[in-house]
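Here the structure comes first, spelled out in structure tokens, and everything after it is commentary.
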Amino acid sequence: MKFIITTVLFSLLITIPVSAQSLTNMSKETTIKEYNYNNNEKIITIKTIESQTQNLELQETDSEKVNQHPEKTSIIITKEILIDNDEDIFYDKKVTISYAKDENVEKNINYTNTPDGIIINTSKTLENPIFLTDIGTYKVYDTKIKIENLNTAK
């Protein structure tokens, strides 16, 4: 028994400093909005969780210095949109949008929330917006979109 406790404590002491070596810059923002549809007949609640993650890597030329400068790496943006289109307490659909933010390129992807999914408007689809409601994974101009059904009570 003493051997097992010693082994567990020793493994924890080794793994904790190793897991602390990853440098990540993260931010998360949550918004909840209510929308009226069909002349105030239907109220839907939409919760949006936007997170930005950037892995920080240090320059190899600064490896021996105390004050090291990080290299620029890409920022991954993930937006989780939870849609509740009825009067219960559970969300009905989850739409996940993820893409890499590029500082040099302006992303012209705009979306509009609907009770059944989202409408994608890009600079390339201004005449014909893309209406996504079916469950599945989609790729629209380097943007990954995943739609899941959360309402499993039926």
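Ordering of the structure tokens sets the chain letters (A, B, ...), residue numbers begin anew at 1 in every chain, and ligands are numbered from 1 in the order given.
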### Query
If you run DSSP on the backbone, which residues of region 15-80 of chain A are strand (DSSP E), as an NGL selection string?
:A and (24-37 or 42-55 or 57-58 or 70-71 or 75-80)
Spatial neighbours of Lys47 (chain A), 7 Å, only C-alpha atoms, chain gap at least 3 places, as a PDB file with N, CA and C atoms, in the first residue's frame:
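That gives us out_37.pdb:
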ATOM      1  N   THR A  31     -22.729  35.457 -24.921  1.00  0.00           N
ATOM      2  CA  THR A  31     -23.854  36.387 -25.013  1.00  0.00           C
ATOM      3  C   THR A  31     -25.140  35.580 -25.167  1.00  0.00           C
ATOM      4  N   ILE A  32     -26.206  36.071 -24.560  1.00  0.00           N
ATOM      5  CA  ILE A  32     -27.523  35.441 -24.672  1.00  0.00           C
ATOM      6  C   ILE A  32     -28.504  36.519 -25.144  1.00  0.00           C
ATOM      7  N   LYS A  33     -29.213  36.209 -26.243  1.00  0.00           N
ATOM      8  CA  LYS A  33     -30.181  37.161 -26.797  1.00  0.00           C
ATOM      9  C   LYS A  33     -31.492  36.452 -27.091  1.00  0.00           C
ATOM     10  N   ILE A  81     -23.146  28.247 -31.162  1.00  0.00           N
ATOM     11  CA  ILE A  81     -24.440  28.915 -31.141  1.00  0.00           C
ATOM     12  C   ILE A  81     -25.475  27.890 -30.698  1.00  0.00           C
ATOM     13  N   LEU A  82     -26.090  28.136 -29.553  1.00  0.00           N
ATOM     14  CA  LEU A  82     -27.117  27.243 -29.009  1.00  0.00           C
ATOM     15  C   LEU A  82     -28.472  27.893 -29.252  1.00  0.00           C
ATOM     16  N   ILE A  83     -29.380  27.172 -29.915  1.00  0.00           N
ATOM     17  CA  ILE A  83     -30.678  27.710 -30.311  1.00  0.00           C
ATOM     18  C   ILE A  83     -31.782  26.996 -29.543  1.00  0.00           C
TER      19      ILE A  83
END
## Note on the structure
The distance between CA of Asn151 (chain A) and CA of Pro115 (chain A) is 13.3 Å
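Residues in contact range of region 49-51 of chain A, defined as at most 7 Å between only C-alpha atoms, with sequence neighbours fewer than 2 positions away removed, read A:Ser27, A:Lys28, A:Glu29, A:Thr30, A:Thr31, A:Lys47, A:Thr53, A:Ile77, A:Thr78, A:Lys79, A:Glu80, A:Ile81.
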### Message
When you look at Ile44 (chain A) with a cut-off of 9 Å (counting only C-alpha atoms), what residues show up, excluding the ones that are within fewer than 4 positions of it in the same chain? I need them as a ChimeraX atom specification.
### Response
/A:33-37,83-87,114-115
### Task
Could you tell me how far CA of Ile120 (chain A) lies from CA of Leu132 (chain A), in Å and to one decimal?
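Separation of CA of Ile120 (chain A) and CA of Leu132 (chain A): 7.7 Å.
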### Message
Quick check, in Å to one decimal: how far apart do CA of Tyr141 (chain A) and CA of Thr45 (chain A) lie?
### Response
27.9 Å
### Message
Counting only C-alpha atoms, which residue out of A:Thr137, A:Thr24, A:Thr7, A:Thr143 sits closest to Leu58 (chain A)?
### Response
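So, comparing all the options, the nearest one is A:Thr24.
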#### Entry: Counting only C-alpha atoms, the option among A:Phe90, A:Ile14, A:Lys101, A:Glu64 closest to Asp142 (chain A)
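Of the candidates, the smallest distance to Asp142 (chain A) is held by A:Lys101.
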#### Entry: Residue among A:Leu23, A:Leu150, A:Ile76, A:Leu13 lying closest to Ile89 (chain A), counting only C-alpha atoms
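Among the listed residues, the smallest separation from Ile89 (chain A) belongs to A:Leu150.
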### Message
Set the distance at 12 Å and use only C-alpha atoms: which residues neighbour Gln68 (chain A) once local chain neighbours fewer than 3 positions away are removed? I'd like the list as a list in words.
### Response
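Counting only the stated atoms, we get Leu56, Glu57, Leu58, Gln59, Glu60, Thr61, Asp62, Ser63, Glu64, Lys65 and Glu71 of chain A.
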Apply DSSP to the backbone of this structure and, from chain A, keep only the residues in helix (DSSP H, G or I); write these as a PDB file with C-alpha atoms, in the first residue's frame.
ATOM      1  CA  LYS A   2       2.836   2.355   0.861  1.00  0.00           C
ATOM      2  CA  PHE A   3       4.457   1.544  -2.492  1.00  0.00           C
ATOM      3  CA  ILE A   4       1.266   2.423  -4.413  1.00  0.00           C
ATOM      4  CA  ILE A   5       0.856   5.788  -2.656  1.00  0.00           C
ATOM      5  CA  THR A   6       4.514   6.622  -3.243  1.00  0.00           C
ATOM      6  CA  THR A   7       4.223   5.708  -6.931  1.00  0.00           C
ATOM      7  CA  VAL A   8       1.095   7.823  -7.418  1.00  0.00           C
ATOM      8  CA  LEU A   9       2.632  10.839  -5.682  1.00  0.00           C
ATOM      9  CA  PHE A  10       5.844  10.507  -7.673  1.00  0.00           C
ATOM     10  CA  SER A  11       3.975  10.294 -10.989  1.00  0.00           C
ATOM     11  CA  LEU A  12       1.919  13.386 -10.110  1.00  0.00           C
ATOM     12  CA  LEU A  13       5.037  15.346  -9.223  1.00  0.00           C
ATOM     13  CA  ILE A  14       6.542  14.509 -12.604  1.00  0.00           C
ATOM     14  CA  THR A  15       3.457  15.098 -14.782  1.00  0.00           C
ATOM     15  CA  ILE A  16       2.385  18.455 -13.318  1.00  0.00           C
ATOM     16  CA  PRO A  17       5.512  20.419 -14.402  1.00  0.00           C
ATOM     17  CA  VAL A  18       5.481  18.741 -17.824  1.00  0.00           C
ATOM     18  CA  SER A  19       1.839  19.675 -18.471  1.00  0.00           C
ATOM     19  CA  GLU A  60      14.581  29.887 -31.226  1.00  0.00           C
ATOM     20  CA  THR A  61      17.023  32.821 -31.288  1.00  0.00           C
ATOM     21  CA  ASP A  62      15.822  33.837 -27.806  1.00  0.00           C
TER      22      ASP A  62
END
### Summary
With distances taken over only C-alpha atoms, the candidate from A:Ser74, A:Thr133, A:Asn128, A:Gln52 nearest Asn113 (chain A) is A:Thr133
